[in-house]
Amino acid sequence: MKKNGILILTILLLASFRAGAQTIDKFFDRYANDDRFTYVSVGKGMMNLASTFGANKNMDKNQKEVLDRLTGIKILTLENSRDEKLMNSVLDELDKVIRAGKYETAVRVKDKDETVNIFFRTTGKDQSDMIIVSKEKNEMSIIWMNGKMTKEEMSDIFSQNS
Amino acid sequence: MKEIDDLLNKYFEGKTTLEEENYLKSYFRNEEIQPEHEVYKTLFHVFDEKAKEKIPQPVDEKNAQPNVKRFWKLTAVIAGIAAAFLMIIWVMPIEKNQDFAIVNGEKIENTQFAQNYALEKLNHVSYKLETNLKPLEAIATVKSRMEPVKKIPEIKKEWKK
């Protein structure tokens, strides 16, 4: 009886852990098949992306290594949309995910109708998640990157590159 | 034959002894049966057949218990293994191609397309950050250029000496 209790408790703990980890996943899954959005997932072959990115931007060796340590990039884009209501509802939902996931704000940039917000969190030893929300008048992109790197290393992808 | 008739009457009245019944049985086992007794032959053969049948042994609860226990133990082990497999499948997602795009609800499994799209978006964000964070860069440049100015008081002190 005691053993059963421990087993059930373990299963519940694992389930809650997995449910927590899936929050941002669920958000992307929800809109991935929505006709109004373009969804892109890049997992393997990140090295190809790193080399292309590096070739275009004169990326140094360290930055290439950082990009190669990314385990996944997911992008959700709403293009040529004048549906402000939809944009706001998606952003509200994302905001809840960010709060629930205890992400910290890394960068907030606002220029006229354009905003770029970057959120970051560490999920384990050197395991990090970064969410970039880029919003323009008729376009919105949500980029979710995760990988084995520190906050500084992940920020380097943009800061040193720009 | 009178004796057999009497015994048969006694038998059907339920008054025969075991010895008398055995005598009747042995008589009907014999092939030399009187024609008037043929009708009873089948009856006594049935009794013989029944006597040969083995009576099932009553279930000994003490012996049966370990089997039941073993069944549940085995079930628990199998269930445990199955649960472990399910947990592994559940916790560790199956490796699949992660490079794809879904445009207008249509899945495009083209690695190059997915990577180019991701690259385009990353460049776009990078450009926006570059443009908007330029003033910060300027501040950093001014700060670094001001470093020698901070050393002026120290230089002055040394001059006075």
# chains A, B, ... in the order shown; residues from 1 in each chain; ligands from 1
>>> interface_residues(of="chain A", to="chain B", cutoff="6 Å", atoms="only C-alpha atoms", output="PyMOL selection string")
chain A and resi 33+35+38-43+158+162
>>> residues_around(residues="region 78-92 of chain A", least_positions_apart="3", cutoff="10 Å", atoms="only C-alpha atoms", output="short mmCIF file (atom, residue, chain, number, x, y, z; two decimals) with N, CA and C atoms, in the first residue's frame")
data_model
loop_
_atom_site.label_atom_id
_atom_site.label_comp_id
_atom_site.auth_asym_id
_atom_site.auth_seq_id
_atom_site.Cartn_x
_atom_site.Cartn_y
_atom_site.Cartn_z
N PHE A 27 1.68 26.39 -26.11
CA PHE A 27 1.34 27.65 -26.77
C PHE A 27 1.67 27.57 -28.26
N TYR A 31 -1.00 27.25 -31.90
CA TYR A 31 -1.08 28.11 -33.08
C TYR A 31 -0.36 27.56 -34.30
N ASP A 35 -4.17 28.45 -39.65
CA ASP A 35 -3.92 28.96 -41.01
C ASP A 35 -3.39 30.39 -41.04
N ARG A 36 -3.74 31.16 -40.06
CA ARG A 36 -3.36 32.58 -40.06
C ARG A 36 -1.88 32.78 -39.70
N PHE A 37 -1.27 31.74 -39.14
CA PHE A 37 0.12 31.85 -38.69
C PHE A 37 1.07 31.01 -39.55
N THR A 38 2.32 31.44 -39.54
CA THR A 38 3.37 30.61 -40.14
C THR A 38 4.20 30.09 -38.98
N TYR A 39 4.40 28.79 -38.98
CA TYR A 39 5.14 28.18 -37.87
C TYR A 39 6.38 27.49 -38.43
N ASP A 95 1.88 36.28 -22.59
CA ASP A 95 2.24 36.95 -21.35
C ASP A 95 1.98 36.04 -20.14
N LYS A 96 0.87 35.34 -20.20
CA LYS A 96 0.53 34.40 -19.10
C LYS A 96 1.56 33.27 -19.03
N VAL A 97 1.95 32.79 -20.23
CA VAL A 97 2.95 31.71 -20.29
C VAL A 97 4.27 32.20 -19.70
N ILE A 98 4.64 33.43 -20.05
CA ILE A 98 5.90 34.01 -19.58
C ILE A 98 5.88 34.18 -18.05
N VAL A 133 9.86 38.44 -28.62
CA VAL A 133 8.57 38.85 -29.19
C VAL A 133 8.80 40.13 -29.98
N LYS A 135 7.07 42.82 -32.49
CA LYS A 135 5.76 43.24 -32.99
C LYS A 135 5.89 44.53 -33.80
N GLU A 136 5.30 44.47 -34.98
CA GLU A 136 5.24 45.66 -35.83
C GLU A 136 3.78 45.95 -36.11
N LYS A 137 3.56 46.93 -36.97
CA LYS A 137 2.17 47.33 -37.22
C LYS A 137 1.32 46.17 -37.76
N ASN A 138 1.85 45.49 -38.79
CA ASN A 138 1.07 44.43 -39.43
C ASN A 138 1.71 43.05 -39.29
N GLU A 139 2.69 42.96 -38.44
CA GLU A 139 3.39 41.68 -38.32
C GLU A 139 3.82 41.42 -36.88
N MET A 140 3.82 40.15 -36.56
CA MET A 140 4.25 39.78 -35.21
C MET A 140 4.99 38.45 -35.28
N SER A 141 6.14 38.39 -34.63
CA SER A 141 6.91 37.15 -34.59
C SER A 141 7.22 36.78 -33.16
N ILE A 142 7.04 35.52 -32.85
CA ILE A 142 7.41 35.02 -31.53
C ILE A 142 8.46 33.94 -31.76
#
>>> select_by_dssp(residues="chain B", states="helix (DSSP H, G or I)", output="number ranges by chain")
B: 2-12, 18-29, 35-52, 61-91, 111-132, 134-150, 152-160
>>> atom_distance(atom1="CA of Ser128 (chain A)", atom2="CA of Ile73 (chain A)")
12.1 Å
>>> residues_around(residues="Asn30 (chain B)", least_positions_apart="6", cutoff="12 Å", atoms="only C-alpha atoms", output="PyMOL selection string")
chain B and resi 23-24+37-38+41+44-45
>>> write_last_selection(atoms="C-alpha atoms", output="short mmCIF file (atom, residue, chain, number, x, y, z; two decimals), in the first residue's frame")
data_model
loop_
_atom_site.label_atom_id
_atom_site.label_comp_id
_atom_site.auth_asym_id
_atom_site.auth_seq_id
_atom_site.Cartn_x
_atom_site.Cartn_y
_atom_site.Cartn_z
CA TYR B 23 -22.52 -60.52 -6.55
CA LEU B 24 -25.07 -58.94 -8.89
CA HIS B 37 -31.85 -60.19 -17.37
CA GLU B 38 -30.36 -58.46 -20.44
CA LYS B 41 -27.05 -55.33 -17.98
CA PHE B 44 -24.96 -52.44 -13.94
CA HIS B 45 -22.36 -51.55 -16.62
#
>>> residues_around(residues="Arg99 (chain A)", least_positions_apart="5", cutoff="12 Å", atoms="only C-alpha atoms", output="list in words")
Thr23, Ile24, Asp92, Glu93, Leu94, Glu104, Thr105, Phe119, Phe120 and Arg121 of chain A
>>> atom_distance(atom1="CA of Met149 (chain A)", atom2="CA of Ala100 (chain A)")
21.7 Å
>>> residues_around(residues="Thr16 (chain B)", least_positions_apart="6", cutoff="12 Å", atoms="only C-alpha atoms", output="number ranges by chain")
B: 4, 6-10, 22-24
